[in-house]
Structures are given as structure tokens and as C-alpha cells.
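Heads up, the thing below is written out as C-alpha cells.
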Amino acid sequence: MSNKIRKPLTHRASFWGFIFICPWLLGFIIFTAGPMLASLVLSFCKYDLKSVTFIGAGNYHRMFVGSEHEYFYKSLTNTALYVLFSVPMGLTGSLLLAVLLNQKVKGVAVFRTLYYLPSLTPAVASALVWMWVFHPEYGILNSFLTINLPFPTLGDQGIGFAFRPMIAHPPDWLQSSAWALPALILMSLWGIGGQRMIIFLAGLQGISDEYYEAARIDGAGAWHQFRHITIPLLTPTIFFNLILGIVGAFQVFTAAYIMTGGGPNNATLFYVLYIYRHAFEQFHMGYAAALAWVLFILLFTFTLIQFKQSSRWVHYEGETK
Amino acid sequence: MFRHSTILILAATVFICLGGCAHRDSGKVTIRYMAWGNADHLAVEQAIIDRFEKSHPNIHVKLFMVPDSAYHQKLQIMLASRSAPDVMKVDLYFFPALVRKGYFRSIQPFIDADPTFDEADFFPQALEECRYKGQLYGLNVAFGGHVIYYNKTMFKNEGIPDPYELYKRGEWTTDKFVEVASKLTKKDKNGRYTQFGTNMPHWWTAVWLFGGDFLSKDFKRCTLDTPEAIRGLQWMKDLRWKYHVTPQPSESSMSAFSFQSGKLGMYSAWSGMTPVFLKQATGFEWDIAPEPKGPAGRFTPMKGNQLTVYAESEHPREAYEFIKFVTSAENEMWVCGQLRRSITTHKSVARNPEYLKAYTPPYQTDVFLHEMDYGRQIPINYRYQAWYEEFISGLDLMLTNEMDAKEAVKWMVPRINQALQEEDW
């Protein structure tokens with residue numbers, strides 16, 4: 001027998017809590033959870049914006065073994081390769097940049113601003129600029145790669161020098177199906193000075209000087225301080241950036257959409273671009289919904305695994321093990 | 001006090017809103033019209049509307065323009081969400097798929113009841129593409145085929161015979177085309193191209209010139225694996241990789257070798273480019289010539305855009321009046337005869353000597369007229385979007401020099417066939 005007295009609804013803390021988060025909650029249900037649920041249903045249907053027909057697992061069959069499996073796996077492979085290279089390279093780059101910009105040197109604020117600037121450029125504008133950078137004949141990148149350098153030669157008069165281009169036949173970058181994906185990965189490094197770097201910088205500044213002082217007294221050099229103080233204390237930040245980085249990289253879209261349109265020969269057909277093609281170019285909404293759900297499940301699993309793994313390498317301050 | 005004034009303000013706001021929604025002059029019908037294009041196109045559309053409103057004082061046309069890159073996506077979403085405008089322009093590439101879904105209203109009843117509509121005055125091919133199940137579901141605007149815009153000054157400076165003259169003498173062939181283009185292509189001392197002979201001709205043209213075709217008559221099978229079609233595709237590839245007379249697709253799209261910049265001798269494009277070049281290609285003399293003649297004859301893809309009425313429009317009669325006006329001989333005399341935005345769909349306009357008179361380039365306007373003779377209807381049906389993707393991927397493989405035409409065809413034909421056979425999804 002319970003002797004609790006039921007409080008009136010309005011006297012409960014949770015009631016007021018819900019009232020206060022109501023604007024967000026309604027927004028979430030109407031604009032996020034609702035459409036998500038609808039798209040799950042649609043993924044089992046044929047839906048061309050005109051009529052909905054239930055087709056069971058037809059879309060998934062088409063994706064995994066049916067007529068679209070070639071494109072599905074191609075886009076998945078492209079995206080996986082992109083994630084595999086751009087995330088670790090980008091994270092390392094951002095971290096190193098953050099360490100540099102955390103040094104106590106004169107004018108560091110100016111440098112911080114300068115390195116942050118590229119991320120303020122609209123994605124479309126920077127994509128257009130990069131198209132020129134990668135231009136096979138007139139791009140600055142290939143102009144640089146074909147600079148004439150003195151190479152030692154052995155002739156009749158002994159050792160001499162001959163001027164030859166650094167690389168005689170530089171890649172065609174975006175026009176070549178072998179180099180288009182590496183080009184986009186390279187371009188993604190343009191963003192290392194952005195938000196990720198700022199988060200690293202904040203993490204670095206949160207590390208107390210006392211640790212470094214103690215280490216220096218014990219005779220630790222710069223590398224040892226970095227390896228045994230900075231990195232472990234930064235692991236929560238690294239973990240955060242890693243999760244966001246992977247999720248973000250899986251959703252890469254803009255660069256390929258503007259610069260290559262997924263080509264040449266689908267070499268830069270990323271997963272989200274593939275969804276976009278079916279949803280908004282061919283209006284295969286049901287199939288696109290199925291694709292989106294597969295991506296969601298993939299990302300969810302990935303993130304879950306990372307969280308499980310994280311207890312092994314992520315250290316939180318004040319945590320006891 | 002405070003409460004009272006709040007109520008007053010709220011009430012006043014409601015009344016103002018209601019007032020704004022009410023129809024001010026109930027005698028006038030407003031129809032909405034959607035088209036794509038840039039600021040120049042917008043000005044032309046608005047000018048057409050102004051003329052229309054002058055002769056139809058009780059119809060008001062509200063125009064809204066959408067940039068072409070997003071147009072057909074927006075259109076399809078508006079159609080699906082039942083918020084489409086009364087009149088909309090649809091590219092032929094999308095028309096067969098959309099008309100099939102019942103999005104457009106047949107204008108045949110209006111035409112049948114309209115004694116002033118003279119169907120016999122239209123070129124049959126211009127009406128053909130607007131027909132679905134025997135009825136007209138729209139009328140044709142921006143009709144025309146590809147012509148070759150060429151830099152007359154460049155030809156003169158190089159001492160190369162003029163393509164239009166060659167055409168008149170019957171010597172304008174694909175071989176001559178390659179020869180001329182090679183002479184116009186220039187490199188600097190580092191071996192970098194500074195000038196190209198031509199852009200890439202349209203694939204429709206290339207395949208037809210050599211006697212090939214894309215699909216079987218029933219649209220069920222891809223016929224690109226014939227020796228003729230392969231020759232046509234290989235010719236495209238050779239223009240880039242063997243004769244080196246055309247820039248890579250990216251080069252031209254990034255305007256490094258645009259016609260306007262004077263670094264491209266010939267530019268094969270829809271006749272709709274005329275107003276653009278009139279404004280931008282000002283540093284040199286230019287004119288137009290037909291496509292060259294191939295082993296199988298002279299061809300150019302002919303198509304237009306459909307001006308359609310939304311199936312759920314509340315003012316279909318007024319919408320029809322507007323479409324009829326835009327596609328009328330009188331309006332085409334102006335849009336096609338003076339602005340040269342497209343070629344006329346009316347026989348009476350084509351016969352009118354005023355139509356060919358030119359006061360600005362292009363002066364060789366009989367080229368537009370001759371198009372009607374060798375122009376060919378493009379083979380598309382509602383499955384076009386599906387097989388086009390496969391075709392473009394195969395074309396990519398070939399134009400990036402990874403495959404020759406034969407291999408690319410072997411790659412694309414089974415894929416196109418599968419796309420054609422698959423039911424609509």
C-alpha cells in the first residue's frame with residue numbers, strides 16, 4: 001500500500017519541464033521524428049511523389065542485389081575511402097595546427113584568425129575556386145608540379161644539371177576517374193583550420209599548466225609532454241571530433257555535387273549524392289528513403305562501436321578506473 | 001489599459017491581414033506562370049506578358065522565374081504538392097514522364113472549340129512532341145535545333161574558307177569540319193592550347209551523322225552497338241583525343257574556352273544562345289552555319305519546350321489563352337524574328353520575308369529555316385531520365401580516354417537495356 005499522495009499535475013516538476021521544452025519537443029516530433037518515421041514506411045514503398053504503392057523489401061533488394069547494386073556499392077566504397085583518408089588526415093592536421101596556435105607567441109590571435117578564415121568561405125565559392133586549382137592545364141596545382149627543377153645528369157663533361165619538370169605528367173585530377181576522389185580528399189584538408197581546430201584549441205587551453213610544470217621538473221621534453229600529457233588529456237576532445245568528423249565525412253556532398261557531379265564515371269559518386277540523385281533528380285523517393293535508412297543504420301552502428309571502444313582510450317579528468 | 005491596447009492592436013492586425021487577402025477587383029483573373037532563365041530571359045518573358053495583358057485586359061499574368069539548374073526539381077515538387085502554377089514551361093526531356101502522371105490538362109477541348117486556332121499553320125514536328133494519347137497537352141516554345149555559331153573574324157584572320165560558304169557549295173562535311181577545326185586550334189611555345197577549333201558536338205548529332213541511332217522504334221532496346229553508332233561516338237572521342245580540336249568538357253564549362261572569349265572557333269549549340277552571344281560576343285564578328293554533313297547525311301536534334309496547363313488549374317481557359325498567345329504567329333514574329341531566341345513553329349512566319357531580315361548577327365538566317373528540313377525529332381519517352389544516366393556514364397568513360405567507343409558501347413548498352421526494361425519506379 002502506497003501512502004504517496006498524488007500531487008496535482010501542475011505541481012509536478014516534470015510537467016513544467018515538458019511545458020518549457022514544448023517548443024523544441026513539438027519541433028522535433030513534427031519536423032524530425034515524424035518525417036523520419038514516414039521515410040521508414042516509404043522505404044518499403046514505391047513513391048514517385050504522385051502515388052504510394054507498398055512493395056515490401058523491393059527497394060532493399062534493388063539496392064543489395066538488384067539492378068542498382070553496382071551503384072550502391074560504388075557509392076559506399078567511394079564514401080568509405082573518403083572517410084578513411086579525410087578524417088584521420090583532417091584530425092591530425094587540425095590537432096597540429098591547434099598545438100601551433102596554442103603557443104605563446106606574439107600575434108597568435110592574428111594567425112588564429114587567418115587559419116580560421118577559409119572555413120568562413122561559403123562551400124560553393126571555395127568549390128569553384130578549387131575547380132580552378134585542380135584544372136589539368138591551367139590550374140595552380142599542376143603549374144606547381146611541373147615547375148622546372150635542376151636534376152643532376154651525368155654527361156661527357158662529368159656531372160651537370162638539366163632542368164626538367166618536377167613531374168612530367170601530373171594527374172588530370174577532377175577529369176580522371178583515378179584522381180578525382182584523391183583530389184576531393186585533398187581539398188577536404190582545406191577545412192583543417194575550421195571548427196575542429198577551434199574545439200581542439202579550447203581543449204588545449206583547458207589543460208592546466210601544472211601538469212606541464214610537473215613534467216618539466218621531472219625532465220620531460222616537448223615530445224614527452226605532448227605524448228603523455230596533452231594527448232591523454234585531450235582524448236575526450238579527440239573523441240568528440242572523431243565522432244563528428246566521421247558522421248560529417250559520411251555525409252560529404254557539396255564538393256562532388258558542384259565540382260564533379262559524381263563523375264567522371266561515378267568516381268566521386270558519394271553516398272549522399274547518390275541519395276540526392278534518386279530523390280531529387282529521378283524522384284525515386286521510396287528508394288531514396290531506403291538508401292537514407294541504410295546510411296542511418298550504418299552511422300548509428302559506427303558511432304555505437306566507437307562509444308564502446310572509447311572507454312579503452314578516452315580519459316576523462318577525475319575519472320577513476 | 002495595457003490589455004485593452006493589446007487587443008486593439010491584435011484586432012487591427014487581423015483586419016489588415018484579411019483585407020490584404022481579399023480580391024480587390026473581382027472581374028480580373030490572375031494566372032500564375034513559371035519559367036526558367038536568367039535576367040535576360042526574365043525581361044523577354046515579362047515583355048511577352050505585357051503585350052498579352054494589353055490585348056487581354058481582364059487577365060493578369062504573374063510570372064515567376066526559377067534558375068534553370070533547379071527548375072525541373074522545383075517543378076516536380078510543386079506538381080507533387082499540388083501547388084503548381086496555372087501555366088508552366090517544361091523541357092521536352094521531362095515532358096513525356098510528367099504528362100504520363102496526369103499533371104497537365106489537355107488543351108485539345110479548347111483548341112477544338114476555338115475557330116481562330118489554325119493547326120495547319122504549325123510545322124507538324126513542333127506539335128508532335130506536345131501530343132499525348134492523341135491530344136495536345138501544350139504548345140511548343142523555344143523550338144529549334146543545333147546550329148554552329150562561328151567566329152567569322154577568326155576564320156578571316158586564318159584565311160580559312162567560311163563554313164556557311166562551304167555549306168552553300170555543298171562542301172560542308174564532317175571531314176571538312178575536322179580540317180577547319182584543326183587549323184583553328186593553336187598552341188603556345190610550351191605546348192599549351194591557346195585556342196580551340198570547336199566545342200564538342202551534341203551526341204545526338206554525332207551518332208546520327210554516321211547513320212547510327214540510340215533506341216529501337218519501340219524504345220525497348222538500345223541500338224548504340226551498331227557499327228554506325230560506334231563510328232559516330234568514336235568520332236566524338238577523336239575530336240578530343242586524336243585530332244585535339246576540342247577542349248575537355250570541364251575546360252569549356254569553366255569558360256576557359258568560351259565562344260564569347262574569342263578562343264573558340266566554332267560553337268555548336270541550340271539556337272537559344274543567340275541572345276546571349278548578341279550581348280556577350282562583342283569583340284569579333286560572328287554568324288551561324290548548319291551542322292556539317294556526315295556519311296549518313298545532315299542532322300540536328302530538334303526539340304522545344306512545352307508550355308502546359310496545370311491539371312488542377314482553376315483558370316484553364318485563361319491559361320489556354322495565354323499559351324495560345326505566346327505560341328501565336330504574331331508573337332513568334334517578334335520572339336523568333338527579332339530576338340532570335342528560337343525558330344518559328346509557324347509556316348506562315350517562315351514564309352514571311354520579314355522573318356529572315358536581320359539587323360544584328362546572325363545575318364545568315366536562312367540556316368534557321370533549313371533546320372526544319374534536316375532536323376530530326378529526338379527519340380525520347382518517359383524512360384529518358386533512367387537511361388540517360390547510364391549513357392552519360394558510358395560517354396564519360398570514353399571522353400576521359402579510358403575506353404574507346406567500342407568498349408564504352410559494350411559497357412553502356414546492357415545497362416541502358418536494363419534501365420529501359422525496368423518498370424517505372
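Residue numbers start at 1 in each chain; chains themselves are named A, B, ... in the order of the C-alpha cells; ligands are numbered from 1 in the order shown.
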
Listing only residues of chain B within 8 Å of chain A, what is the closest atom pair and its distance in Å (to one decimal) for each, using only C-alpha atoms, sorted by chain and residue number ascending, as JSON lines?
```
{"residue": "B:Gln73", "atom": "CA", "partner": "A:Phe280", "partner_atom": "CA", "distance": 6.2}
{"residue": "B:Ile77", "atom": "CA", "partner": "A:Leu49", "partner_atom": "CA", "distance": 7.6}
{"residue": "B:Ala80", "atom": "CA", "partner": "A:Leu49", "partner_atom": "CA", "distance": 5.2}
{"residue": "B:Ser81", "atom": "CA", "partner": "A:Leu49", "partner_atom": "CA", "distance": 8.0}
{"residue": "B:Lys101", "atom": "CA", "partner": "A:Lys50", "partner_atom": "CA", "distance": 7.4}
{"residue": "B:Arg192", "atom": "CA", "partner": "A:Glu137", "partner_atom": "CA", "distance": 7.4}
{"residue": "B:Ser250", "atom": "CA", "partner": "A:Gln175", "partner_atom": "CA", "distance": 7.6}
{"residue": "B:Gln385", "atom": "CA", "partner": "A:Gln282", "partner_atom": "CA", "distance": 6.8}
{"residue": "B:Ala386", "atom": "CA", "partner": "A:Gln282", "partner_atom": "CA", "distance": 7.4}
{"residue": "B:Ser393", "atom": "CA", "partner": "A:Asn265", "partner_atom": "CA", "distance": 5.0}
{"residue": "B:Gly394", "atom": "CA", "partner": "A:Asn265", "partner_atom": "CA", "distance": 7.1}
{"residue": "B:Asp396", "atom": "CA", "partner": "A:Asn265", "partner_atom": "CA", "distance": 5.6}
{"residue": "B:Leu397", "atom": "CA", "partner": "A:Asn265", "partner_atom": "CA", "distance": 5.9}
{"residue": "B:Thr400", "atom": "CA", "partner": "A:Ser176", "partner_atom": "CA", "distance": 6.7}
{"residue": "B:Gln418", "atom": "CA", "partner": "A:Ser67", "partner_atom": "CA", "distance": 7.8}
{"residue": "B:Trp425", "atom": "CA", "partner": "A:His284", "partner_atom": "CA", "distance": 6.2}
```

Please produce a file of those selected residues containing C-alpha atoms, as a PDB file, in the first residue's frame.
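Saved the output as result_37.pdb:
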```
ATOM      1  CA  GLN B  73      13.202  19.753 -59.457  1.00  0.00           C
ATOM      2  CA  ILE B  77       7.905  19.073 -56.212  1.00  0.00           C
ATOM      3  CA  ALA B  80       3.521  16.645 -56.324  1.00  0.00           C
ATOM      4  CA  SER B  81       2.466  19.012 -53.562  1.00  0.00           C
ATOM      5  CA  LYS B 101       1.400  11.122 -64.487  1.00  0.00           C
ATOM      6  CA  ARG B 192      49.609  24.583 -74.093  1.00  0.00           C
ATOM      7  CA  SER B 250      35.466  20.933 -67.983  1.00  0.00           C
ATOM      8  CA  GLN B 385      15.839  10.080 -67.345  1.00  0.00           C
ATOM      9  CA  ALA B 386      16.566   6.465 -66.459  1.00  0.00           C
ATOM     10  CA  SER B 393      28.401   7.389 -67.533  1.00  0.00           C
ATOM     11  CA  GLY B 394      29.493   5.451 -70.608  1.00  0.00           C
ATOM     12  CA  ASP B 396      32.304   9.836 -69.620  1.00  0.00           C
ATOM     13  CA  LEU B 397      34.410   6.703 -69.836  1.00  0.00           C
ATOM     14  CA  THR B 400      38.072  10.793 -70.493  1.00  0.00           C
ATOM     15  CA  GLN B 418      18.179  -2.911 -68.271  1.00  0.00           C
ATOM     16  CA  TRP B 425       9.968   3.128 -60.125  1.00  0.00           C
TER      17      TRP B 425
END
```

Practice item. As JSON, numbers by chain, please: all residues of stretch 133-266 of chain B that backbone DSSP puts in alpha helix (DSSP H). Key: {"B": [152, 153, 154, 155, 156, 157, 158, 163, 164, 165, 166, 167, 168, 174, 175, 176, 177, 178, 179, 180, 181, 182, 183, 184, 203, 204, 205, 206, 207, 208, 209, 227, 228, 229, 230, 231, 232, 233, 234, 235, 236, 237, 238, 239, 240, 241, 249, 250, 251, 252, 253]}

Practice item. Would you list the contacts of stretch 265-277 of chain B as a ChimeraX atom specification, taking every protein, DNA or RNA residue within 8 Å and counting only C-alpha atoms, but skipping same-chain residues closer than 4 positions in sequence? Key: /B:142,144-151,154-155,181,184,195-202,259-260,281-282,291,339-343,362

Selected residues written out, C-alpha atoms, as a PDB file, in the first residue's frame:
```pdb
ATOM      1  CA  ALA B 142      11.800  27.669 -77.714  1.00  0.00           C
ATOM      2  CA  GLY B 144      14.849  24.614 -82.670  1.00  0.00           C
ATOM      3  CA  GLY B 145      17.919  22.548 -83.306  1.00  0.00           C
ATOM      4  CA  HIS B 146      21.646  22.939 -83.007  1.00  0.00           C
ATOM      5  CA  VAL B 147      23.433  25.410 -85.238  1.00  0.00           C
ATOM      6  CA  ILE B 148      27.126  26.188 -85.376  1.00  0.00           C
ATOM      7  CA  TYR B 149      27.983  29.654 -84.154  1.00  0.00           C
ATOM      8  CA  TYR B 150      31.340  30.573 -85.621  1.00  0.00           C
ATOM      9  CA  ASN B 151      33.856  33.331 -85.134  1.00  0.00           C
ATOM     10  CA  MET B 154      38.979  34.197 -86.640  1.00  0.00           C
ATOM     11  CA  PHE B 155      38.180  32.419 -89.897  1.00  0.00           C
ATOM     12  CA  ALA B 181      38.849  22.866 -86.659  1.00  0.00           C
ATOM     13  CA  LEU B 184      41.885  26.908 -85.852  1.00  0.00           C
ATOM     14  CA  GLN B 195      42.696  28.384 -78.985  1.00  0.00           C
ATOM     15  CA  PHE B 196      40.435  25.519 -79.973  1.00  0.00           C
ATOM     16  CA  GLY B 197      38.635  24.811 -83.215  1.00  0.00           C
ATOM     17  CA  THR B 198      35.278  23.726 -81.826  1.00  0.00           C
ATOM     18  CA  ASN B 199      33.329  22.582 -78.823  1.00  0.00           C
ATOM     19  CA  MET B 200      32.063  19.008 -78.644  1.00  0.00           C
ATOM     20  CA  PRO B 201      29.112  18.484 -80.986  1.00  0.00           C
ATOM     21  CA  HIS B 202      25.962  17.095 -79.431  1.00  0.00           C
ATOM     22  CA  PHE B 259      32.849  31.257 -77.580  1.00  0.00           C
ATOM     23  CA  GLN B 260      32.407  34.719 -76.089  1.00  0.00           C
ATOM     24  CA  ALA B 281      30.308  38.032 -78.062  1.00  0.00           C
ATOM     25  CA  THR B 282      31.053  41.596 -78.988  1.00  0.00           C
ATOM     26  CA  GLU B 291      25.959  21.276 -88.735  1.00  0.00           C
ATOM     27  CA  LEU B 339      15.105  38.288 -80.676  1.00  0.00           C
ATOM     28  CA  ARG B 340      16.106  35.024 -82.446  1.00  0.00           C
ATOM     29  CA  ARG B 341      15.580  33.120 -79.249  1.00  0.00           C
ATOM     30  CA  SER B 342      14.240  30.115 -81.118  1.00  0.00           C
ATOM     31  CA  ILE B 343      12.975  29.247 -84.543  1.00  0.00           C
ATOM     32  CA  PRO B 362      23.325  36.318 -87.084  1.00  0.00           C
TER      33      PRO B 362
END
```

**Study point:** Nearby residues (only C-alpha atoms) at most 10 Å from stretch 105-112 of chain A, same-chain spacing under 3 positions excluded, as a PyMOL selection string
**Key:** chain A and resi 97-98+100-102+115-117+193-194+197-198+201

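Interatomic distance, atom CA of A:Trp179 against atom CA of A:Pro165: 19.9 Å.
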
As a PDB file with N, CA and C atoms, in the first residue's frame, which residues of stretch 294-415 of chain B does DSSP assign to strand (DSSP E or B)?
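See selection-v6.pdb below for the written result:
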```pdb
ATOM      1  N   GLY B 294      27.377  14.434 -92.522  1.00  0.00           N
ATOM      2  CA  GLY B 294      28.145  13.223 -92.246  1.00  0.00           C
ATOM      3  C   GLY B 294      27.934  12.199 -93.335  1.00  0.00           C
ATOM      4  N   GLY B 297      24.337  11.753 -93.896  1.00  0.00           N
ATOM      5  CA  GLY B 297      23.520  12.924 -94.196  1.00  0.00           C
ATOM      6  C   GLY B 297      23.692  14.017 -93.160  1.00  0.00           C
ATOM      7  N   THR B 300      20.345  17.373 -87.186  1.00  0.00           N
ATOM      8  CA  THR B 300      20.464  18.115 -85.938  1.00  0.00           C
ATOM      9  C   THR B 300      19.287  17.710 -85.069  1.00  0.00           C
ATOM     10  N   PRO B 301      19.487  17.612 -83.755  1.00  0.00           N
ATOM     11  CA  PRO B 301      18.350  17.267 -82.894  1.00  0.00           C
ATOM     12  C   PRO B 301      17.393  18.452 -82.815  1.00  0.00           C
ATOM     13  N   MET B 302      16.105  18.182 -83.041  1.00  0.00           N
ATOM     14  CA  MET B 302      15.105  19.249 -82.945  1.00  0.00           C
ATOM     15  C   MET B 302      14.272  19.015 -81.703  1.00  0.00           C
ATOM     16  N   LYS B 303      14.125  20.043 -80.922  1.00  0.00           N
ATOM     17  CA  LYS B 303      13.226  19.924 -79.773  1.00  0.00           C
ATOM     18  C   LYS B 303      12.833  21.305 -79.298  1.00  0.00           C
ATOM     19  N   GLY B 304      11.833  21.333 -78.458  1.00  0.00           N
ATOM     20  CA  GLY B 304      11.433  22.594 -77.861  1.00  0.00           C
ATOM     21  C   GLY B 304      11.096  22.396 -76.408  1.00  0.00           C
ATOM     22  N   ASN B 305      10.395  23.363 -75.854  1.00  0.00           N
ATOM     23  CA  ASN B 305       9.867  23.237 -74.507  1.00  0.00           C
ATOM     24  C   ASN B 305       8.350  23.301 -74.621  1.00  0.00           C
ATOM     25  N   GLN B 306       7.680  22.628 -73.714  1.00  0.00           N
ATOM     26  CA  GLN B 306       6.228  22.630 -73.765  1.00  0.00           C
ATOM     27  C   GLN B 306       5.676  23.660 -72.785  1.00  0.00           C
ATOM     28  N   LEU B 307       4.739  24.429 -73.284  1.00  0.00           N
ATOM     29  CA  LEU B 307       4.016  25.345 -72.414  1.00  0.00           C
ATOM     30  C   LEU B 307       2.726  24.619 -72.041  1.00  0.00           C
ATOM     31  N   THR B 308       2.575  24.295 -70.755  1.00  0.00           N
ATOM     32  CA  THR B 308       1.486  23.403 -70.351  1.00  0.00           C
ATOM     33  C   THR B 308       0.564  24.061 -69.335  1.00  0.00           C
ATOM     34  N   VAL B 309      -0.621  23.499 -69.211  1.00  0.00           N
ATOM     35  CA  VAL B 309      -1.594  23.967 -68.214  1.00  0.00           C
ATOM     36  C   VAL B 309      -1.668  22.935 -67.104  1.00  0.00           C
ATOM     37  N   TYR B 310      -1.614  23.399 -65.886  1.00  0.00           N
ATOM     38  CA  TYR B 310      -1.681  22.503 -64.739  1.00  0.00           C
ATOM     39  C   TYR B 310      -3.064  21.848 -64.666  1.00  0.00           C
ATOM     40  N   HIS B 346       5.620  28.219 -86.904  1.00  0.00           N
ATOM     41  CA  HIS B 346       4.540  28.534 -87.853  1.00  0.00           C
ATOM     42  C   HIS B 346       5.054  28.605 -89.286  1.00  0.00           C
ATOM     43  N   GLY B 375      16.406  18.674 -89.616  1.00  0.00           N
ATOM     44  CA  GLY B 375      16.260  18.448 -88.178  1.00  0.00           C
ATOM     45  C   GLY B 375      15.539  17.134 -87.914  1.00  0.00           C
ATOM     46  N   ARG B 376      15.894  16.490 -86.826  1.00  0.00           N
ATOM     47  CA  ARG B 376      15.307  15.195 -86.538  1.00  0.00           C
ATOM     48  C   ARG B 376      14.778  15.191 -85.109  1.00  0.00           C
ATOM     49  N   GLN B 377      13.604  14.632 -84.959  1.00  0.00           N
ATOM     50  CA  GLN B 377      12.985  14.558 -83.645  1.00  0.00           C
ATOM     51  C   GLN B 377      13.821  13.652 -82.735  1.00  0.00           C
TER      52      GLN B 377
END
```

Selection: 12 Å around B:Tyr243, only C-alpha atoms, excl. self and same-chain fewer than 5 positions, as a JSON list (two decimals) with C-alpha atoms, in the first residue's frame:
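Produced file result_3.json, reproduced below:
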```json
[["chain", "number", "residue", "atom", "x", "y", "z"],
["B", 175, "ASP", "CA", 35.90, 15.78, -92.86],
["B", 177, "PHE", "CA", 34.75, 20.27, -90.25],
["B", 178, "VAL", "CA", 37.72, 18.42, -88.70],
["B", 179, "GLU", "CA", 40.13, 20.02, -91.16],
["B", 180, "VAL", "CA", 38.88, 23.52, -90.41],
["B", 181, "ALA", "CA", 38.85, 22.87, -86.66],
["B", 182, "SER", "CA", 42.45, 21.62, -86.77],
["B", 183, "LYS", "CA", 43.58, 24.79, -88.49],
["B", 184, "LEU", "CA", 41.88, 26.91, -85.85],
["B", 185, "THR", "CA", 43.47, 25.05, -82.93],
["B", 196, "PHE", "CA", 40.44, 25.52, -79.97],
["B", 197, "GLY", "CA", 38.64, 24.81, -83.21],
["B", 198, "THR", "CA", 35.28, 23.73, -81.83],
["B", 234, "GLN", "CA", 34.36, 7.34, -81.86],
["B", 235, "TRP", "CA", 34.29, 10.50, -83.96],
["B", 236, "MET", "CA", 33.39, 12.47, -80.84],
["B", 237, "LYS", "CA", 36.24, 10.89, -78.97],
["B", 238, "ASP", "CA", 38.66, 11.51, -81.83]]
```

Check your understanding: Do you know which residues are at most 12 Å from A:Phe300 counting only C-alpha atoms, after dropping those on the same chain fewer than 6 positions away, and could you put them as a VMD selection string?
Key -> chain A and resid 243 246 to 247 250 293 to 294 306 to 307

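If you measure from each of B:Val367, B:Leu139, B:Ala350, B:Ile31 to B:Lys89 using only C-alpha atoms, the closest one turns out to be B:Leu139.
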
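The gap separating atom CA of B:Ser348 from atom CA of B:Pro163 is 28.7 Å, in Å to one decimal.
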